[in-house]
Amino acid sequence: MTKKRICIIAFKPVRTTIHVLRQIDYLSPHYDLTVIGHGEPDVAWPKVTWHRVPAQTVAEKVAKLGLYALGRVFPFIYEAWYWSVRRHRLAYELAVASRADAFHANDWQSVPLAVAAARQTGGRVVLHLHEYAEEGRKFGLWSLLVAPAIRHLLWKSVDGSGVPIDASITVCEPIAERYGREYGLDPVVVFNAPRPVRVPWRDEPVGSNPIRLVHHGFAKRGRGLHHLIEALALADSRFTLDFMLVEDNRGYVAELKQLAERLAPGRVHFRPPVPPGEIVQTVAEYDVGFCVIHPSSYNNLMMLPNKFFEYIQAGLALCVGPSPAMCRVVRGHGLGLIAESFEPKDVAKALNRLTAADLAAMKEASRRAASALNADVEMGRLVSIYRRMFDQAESAVKTSTEGSENWVH
């Protein structure tokens, strides 16, 4: 039987975008894949058809803001802008040429062209909206110009395209509920969890050594990493913190190092980042995953990031702020500490309440939760979405064919 073909569209550097790599990893055993995105092909999947499209240039980004401003008065300009962008047109042509049975659109930028390709080919559409369409930041220019463009293009694709959205996916319940209220979607929640990984159990008595906190990921100013250093400085001296950061906002890591030296000398360390596949084993040497994300945007408040599940897979306790989605998981599994607020003093207060017995129990709970909160389980939901969708399509075709035959007779 010929495999169904899925076209994955992601305007990201595919080889370093973990959620796209997981899609490829879990869908490729069942379906033929075409991947459209930025960067070079990944040699780990030689049977995948890869198409590279160019990233946005600085000139295109500047021109986009000018057109977004006009779009607030003349909304048709949003669509004119979208189809004027070279990478969108090229990705559309490649998507149609793939003759895919379904188009998997990652984030809002991919949605209009996935819907247009499906209209042209008769394929199915799955929207993978990882967060709330990157909307809701507290920066004036974003709220004024960018958010209205995203809303218009999403609404046009979801409600006004004439092409049904066969399935949608997002990362947590609060965001799924908001997509339901505002766009009429019914997303399936798929957590950004890693594959199950065996990690060594540390036999030393918990509490006999300094309690080692770790935070890894992109060094983005909006996530408030400097607040983690401020919290550590206010916490007991038994706590240390290691950062494993990928430079994102220029100069931010240097600022963090200076702040650490001033507020908590000798207690904060910076180590080089490791490839995504090595993160769980690397952080397993720590005690607590420090996952307090400053709520500088709606998405930052609601997020359930990769690192959260990587800490669980590594068997760490967690320390989080009052982020609704993270709190739900932490409370549900008894995984760690929840600070009363995002303020450093309250985060430090939560840390200072931690006893050796608490820490041991939380780490054991994390190890138990890892058997359920992993990619085998979560990405199994994605595979099931496609299996049901294609089964329903074949049943509909079969019913239609049988109906035609009965009518002829």
# chains A, B, ... in the order shown; residues from 1 in each chain; ligands from 1
$ residues_around --residues "stretch 49-57 of chain A" --least-positions-apart "4" --cutoff "8 Å" --atoms "only C-alpha atoms" --output "PyMOL selection string"
chain A and resi 11+33-41+61+87+90-91+94
$ residues_around --residues "stretch 189-192 of chain A" --least-positions-apart "3" --cutoff "7 Å" --atoms "only C-alpha atoms" --output "ChimeraX atom specification"
/A:19,169-173,176,305-306,378-379,381
$ residues_around --residues "stretch 369-377 of chain A" --least-positions-apart "4" --cutoff "7 Å" --atoms "only C-alpha atoms" --output "PyMOL selection string"
chain A and resi 193-196+312-313+333+365+381
$ write_last_selection --atoms "N, CA and C atoms" --output "PDB file, in the first residue's frame"
ATOM      1  N   ALA A 193       7.515  17.518  24.826  1.00  0.00           N
ATOM      2  CA  ALA A 193       8.327  16.647  25.680  1.00  0.00           C
ATOM      3  C   ALA A 193       9.340  15.871  24.846  1.00  0.00           C
ATOM      4  N   PRO A 194      10.504  15.557  25.434  1.00  0.00           N
ATOM      5  CA  PRO A 194      11.537  14.816  24.700  1.00  0.00           C
ATOM      6  C   PRO A 194      11.263  13.308  24.709  1.00  0.00           C
ATOM      7  N   ARG A 195      12.045  12.590  23.923  1.00  0.00           N
ATOM      8  CA  ARG A 195      11.992  11.134  23.951  1.00  0.00           C
ATOM      9  C   ARG A 195      12.383  10.613  25.340  1.00  0.00           C
ATOM     10  N   PRO A 196      11.881   9.440  25.730  1.00  0.00           N
ATOM     11  CA  PRO A 196      12.343   8.851  26.983  1.00  0.00           C
ATOM     12  C   PRO A 196      13.858   8.612  26.943  1.00  0.00           C
ATOM     13  N   ILE A 312      12.045  17.183  33.739  1.00  0.00           N
ATOM     14  CA  ILE A 312      11.297  16.026  34.246  1.00  0.00           C
ATOM     15  C   ILE A 312      11.945  14.732  33.757  1.00  0.00           C
ATOM     16  N   GLN A 313      12.280  14.677  32.479  1.00  0.00           N
ATOM     17  CA  GLN A 313      12.883  13.468  31.920  1.00  0.00           C
ATOM     18  C   GLN A 313      14.220  13.175  32.575  1.00  0.00           C
ATOM     19  N   HIS A 333       1.524  16.180  39.561  1.00  0.00           N
ATOM     20  CA  HIS A 333       2.485  15.092  39.746  1.00  0.00           C
ATOM     21  C   HIS A 333       3.373  15.268  40.978  1.00  0.00           C
ATOM     22  N   ALA A 365       9.265  11.739  42.240  1.00  0.00           N
ATOM     23  CA  ALA A 365       8.020  11.994  41.519  1.00  0.00           C
ATOM     24  C   ALA A 365       8.299  12.351  40.066  1.00  0.00           C
ATOM     25  N   ARG A 381       0.023  11.218  20.016  1.00  0.00           N
ATOM     26  CA  ARG A 381      -1.219  11.933  19.723  1.00  0.00           C
ATOM     27  C   ARG A 381      -1.200  12.509  18.310  1.00  0.00           C
TER      28      ARG A 381
END
$ closest_residue --among "A:Ile229, A:Met303, A:Val274, A:Ala393" --to "A:Pro324" --atoms "only C-alpha atoms"
A:Met303
$ residues_around --residues "A:Val20" --least-positions-apart "5" --cutoff "10 Å" --atoms "only C-alpha atoms" --output "PyMOL selection string"
chain A and resi 8-10+12-15+25+35+37+106
